[in-house]
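Student: Take a look at this one; I'll ask things after.
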Amino acid sequence: MSSTDLSPNQDFFNEEEAVVEFIPNESFFSSTSVLTLLAAFDPGFADLVADFASALPDATGQISVEDGRFDANLLLADGTALTGIFDAPTTLGGFADLAAVSDGTVTLNGGILEAAIATDGQTATLPAFDLSAAAGTLVLDAINAIDATVPFANGAFTLDLATALGPISGTVDVAGGDLNLDLATPFGQLVADIDFQDDAVFPFSTSLPLVGDINGAVDFNSGNIVAPLGAFGDLAVPLSAVTGSLNLADGLASLDASVPIGSGLSLPIATELAIGPLASEYVAGFVQDLDGAGTLTDGVLDAAIESPLGLFETTFDVVAFTNQGADFFAGIDGVIDVSGGIATASLTTPLGSINDSFDLATVAPALEGSAAGTI
């Protein structure tokens with residue numbers, strides 16, 4: 001029985017001296033796929049990952065995870081053993097060390113990001129990157145991963161959520177026909193006022209004594225809940241008068257609310273909003289309207305960006321953010337069982353448990369596609 005070691009070059013990934021000596025070249029900065037990115041650090045490891053991904057659908061075995069350290073012990077149909085260890089916290093720590101000695105310039109126009117980065121005296125130019133599409137995808141994935149109940153009162157949702165991007169807290173006010181954000185996020189304070197589009201209308205069906213079945217809509221564009229009440233006329237209640245809750249799961253938001261309609265009566269409202277795609281669309285459109293420039297010094301980005309909401313001046317610590325990712329992976333433990341082309345994960349993470357399955361035939365195409373699409 002043959003054996004293949006899938007471990008990356010430990011001299012690079014696990015030794016501080018090797019990390020400091022690494023000098024990125026054009027292939028690193030112009031990476032268009034995950035495999036190309038890996039090849040810039042360790043071509044041999046990238047080849048092994050490609051072979052590993054192609055062989056996964058026919059593999060059986062287990063990948064154990066302890067403190068973010070992935071230990072693979074798999075067997076292929078031909079008897080070849082696939083083994084290896086990947087230490088995610090140590091790897092991300094190495095990337096943080098690299099970022100700490102990086103400088104450069106960044107420009108953003110029409111949602112397209114361009115940059116020139118220098119490390120250890122060598123400068124390389126990044127190709128144009130569609131940040132709006134990547135931001136939309138990132139927000140979609142982050143919202144799809146949220147499983148929580150958010151209270152709603154006086155036209156505003158009160159958030160206190162743990163997400164894949166980090167904790168988000170504050171208020172989202174939807175009364176008055178616009179989206180008012182006042183949020184503390186992992187990227188800093190977000191205060192914004194964005195008009196809803198005309199299609200931000202979500203229907204609901206309910207019933208009321210003496211009236212019967214009612215077909216109405218939650219109209220975020222006008223800031224009202226509207227419904228025809230037959231002989232009693234038309235109902236239009238401002239969202240600021242509504243109380244209830246929003247249940248988030250798998251990118252869907254289920255709104256359960258009670259609308260006062262007078263004389264001690266209330267109208268129960270239940271509707272589902274595809275909040276993931278909606279938020280993704282808004283974020284992508286917002287990023288497309290950004291225009292600005294920034295400088296990267298020792299891994300810290302300072303930027304001034306013009307937007308429809310005014311001038312944003314922000315500082316983003318790439319080193320701290322990467323180290324935060326290392327800390328996140330250090331909190332992952334569990335197992336991933338592989339059999340019959342399906343991987344079944346049973347993991348604990350800082351954001352909660354993951355118990356899910358996915359088709360291994362999709363891994364190889366994802367690694368060969370664009371890095372932005374994989375994100």
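Within each chain, counting starts at residue 1; across the structure tokens, chains are named A, B, ... in the order shown, with ligands numbered 1 upward in that order.
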Can you tell me, as a list of chain:residue names, what residues are no more than 6 Å from Ala253 (chain A) when counting only C-alpha atoms, ignoring any on the same chain fewer than 2 positions away?
Tutor: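 Using only C-alpha atoms, the neighbours found are A:Asn247, A:Leu248, A:Glu272, A:Leu273, A:Ile275.
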Student: Atoms to include: N, CA and C atoms. Write the selected residues as a PDB file, in the first residue's frame.
Tutor:
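Below you can see part_23.pdb, which holds the result:
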ATOM      1  N   ASN A 247     -36.809  35.993  13.122  1.00  0.00           N
ATOM      2  CA  ASN A 247     -36.043  34.761  13.305  1.00  0.00           C
ATOM      3  C   ASN A 247     -35.169  34.523  12.079  1.00  0.00           C
ATOM      4  N   LEU A 248     -33.852  34.458  12.298  1.00  0.00           N
ATOM      5  CA  LEU A 248     -32.886  34.295  11.210  1.00  0.00           C
ATOM      6  C   LEU A 248     -32.382  32.858  11.158  1.00  0.00           C
ATOM      7  N   GLU A 272     -41.963  35.819   5.371  1.00  0.00           N
ATOM      8  CA  GLU A 272     -40.564  35.445   5.234  1.00  0.00           C
ATOM      9  C   GLU A 272     -39.862  36.397   4.288  1.00  0.00           C
ATOM     10  N   LEU A 273     -38.671  36.827   4.671  1.00  0.00           N
ATOM     11  CA  LEU A 273     -37.858  37.707   3.837  1.00  0.00           C
ATOM     12  C   LEU A 273     -36.575  36.975   3.484  1.00  0.00           C
ATOM     13  N   ILE A 275     -33.507  37.609   3.374  1.00  0.00           N
ATOM     14  CA  ILE A 275     -32.671  38.720   3.812  1.00  0.00           C
ATOM     15  C   ILE A 275     -31.226  38.581   3.346  1.00  0.00           C
TER      16      ILE A 275
END
Student: Find the residues around region 128-142 of chain A up to 9 Å (only C-alpha atoms counted), leave out those fewer than 5 positions away in its own chain, and share them as a PyMOL selection string.
Tutor: chain A and resi 108+110-115+163-165+251+275-288+372-373+375
Student: Using DSSP on the backbone coordinates, identify the residues of region 36-117 of chain A assigned to helix (DSSP H, G or I); present them as number ranges by chain.
Tutor: A: 36-41, 43-58, 88-99
Student: Mind dumping the selected residues with C-alpha atoms as a PDB file, in the first residue's frame?
Tutor:
ATOM      1  CA  THR A  36      -2.435  29.465  -7.651  1.00  0.00           C
ATOM      2  CA  LEU A  37      -2.302  31.209  -4.303  1.00  0.00           C
ATOM      3  CA  LEU A  38      -1.030  28.058  -2.593  1.00  0.00           C
ATOM      4  CA  ALA A  39       1.526  27.537  -5.374  1.00  0.00           C
ATOM      5  CA  ALA A  40       3.056  30.945  -4.642  1.00  0.00           C
ATOM      6  CA  PHE A  41       3.879  29.760  -1.124  1.00  0.00           C
ATOM      7  CA  PRO A  43       4.244  24.663  -5.327  1.00  0.00           C
ATOM      8  CA  GLY A  44       4.695  21.096  -4.138  1.00  0.00           C
ATOM      9  CA  PHE A  45       1.999  21.467  -1.528  1.00  0.00           C
ATOM     10  CA  ALA A  46      -0.342  23.047  -4.096  1.00  0.00           C
ATOM     11  CA  ASP A  47       0.089  20.007  -6.364  1.00  0.00           C
ATOM     12  CA  LEU A  48      -0.664  17.707  -3.442  1.00  0.00           C
ATOM     13  CA  VAL A  49      -3.792  19.686  -2.573  1.00  0.00           C
ATOM     14  CA  ALA A  50      -4.980  19.460  -6.207  1.00  0.00           C
ATOM     15  CA  ASP A  51      -4.402  15.701  -6.275  1.00  0.00           C
ATOM     16  CA  PHE A  52      -6.035  15.384  -2.858  1.00  0.00           C
ATOM     17  CA  ALA A  53      -9.141  17.311  -3.989  1.00  0.00           C
ATOM     18  CA  SER A  54      -9.508  15.170  -7.124  1.00  0.00           C
ATOM     19  CA  ALA A  55      -9.172  11.965  -5.107  1.00  0.00           C
ATOM     20  CA  LEU A  56     -11.562  12.978  -2.311  1.00  0.00           C
ATOM     21  CA  PRO A  57     -14.788  11.595  -3.862  1.00  0.00           C
ATOM     22  CA  ASP A  58     -13.294   8.072  -3.737  1.00  0.00           C
ATOM     23  CA  ALA A  88      -4.248  26.623  10.492  1.00  0.00           C
ATOM     24  CA  PRO A  89      -3.402  28.935  13.458  1.00  0.00           C
ATOM     25  CA  THR A  90       0.326  28.670  12.773  1.00  0.00           C
ATOM     26  CA  THR A  91      -0.176  29.264   9.042  1.00  0.00           C
ATOM     27  CA  LEU A  92      -2.307  32.375   9.591  1.00  0.00           C
ATOM     28  CA  GLY A  93       0.218  33.589  12.131  1.00  0.00           C
ATOM     29  CA  GLY A  94       2.829  33.351   9.384  1.00  0.00           C
ATOM     30  CA  PHE A  95       0.649  35.412   7.056  1.00  0.00           C
ATOM     31  CA  ALA A  96       0.273  38.029   9.802  1.00  0.00           C
ATOM     32  CA  ASP A  97       4.064  38.209  10.118  1.00  0.00           C
ATOM     33  CA  LEU A  98       4.265  38.773   6.361  1.00  0.00           C
ATOM     34  CA  ALA A  99       1.617  41.504   6.461  1.00  0.00           C
TER      35      ALA A  99
END
Student: Got a sec: who's within 9 Å of Thr119 (chain A), counting only C-alpha atoms, leaving out chain neighbours fewer than 4 positions off, as an MDAnalysis selection string?
Tutor: chainID A and resid 23:24 98:99 101:104 123:124
Student: So which one's closest to Phe312 (chain A), A:Gly299, A:Gly292, A:Gly331, A:Pro228? Using only C-alpha atoms, please.
Tutor: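 Using only C-alpha atoms, the shortest distance to Phe312 (chain A) belongs to A:Gly292.
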Student: Could you give me the residues within region 171-321 of chain A that DSSP places in strand (DSSP E), as a PyMOL selection string?
Tutor: chain A and resi 171-173+178-185+188-195+201-208+212-219+224-228+234-238+243-249+252-262+265-273+291-297+300-307+310-317
Student: If you measure from CA of Ala116 (chain A) to CA of Gln324 (chain A), what distance in Å do you get, rounded to one decimal?
Tutor: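 Result for CA of Ala116 (chain A) versus CA of Gln324 (chain A): 24.4 Å, one decimal.
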Student: Quick one: of A:Val338, A:Val237, A:Ala162, A:Ala249, who's nearest to Ala72 (chain A), counting only C-alpha atoms?
Tutor: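 That would be A:Val338, the residue with the smallest distance to Ala72 (chain A).
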Student: Hey, which of A:Thr206, A:Thr362, A:Asn180, A:Thr344 ends up closest to Gln62 (chain A)? Count only C-alpha atoms.
Tutor: A:Thr344
Student: Go through A:Val150, A:Phe358, A:Ile225, A:Gly166 and flag the residue nearest Phe328 (chain A), using only C-alpha atoms for the distances.
Tutor: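 Closest residue, counting only C-alpha atoms: A:Gly166.
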Student: Tell me which protein, DNA and RNA residues are within 9 Å of Phe157 (chain A), counting only C-alpha atoms, leaving out same-chain ones fewer than 4 positions away, and put them as a count of residues only.
Tutor: 11
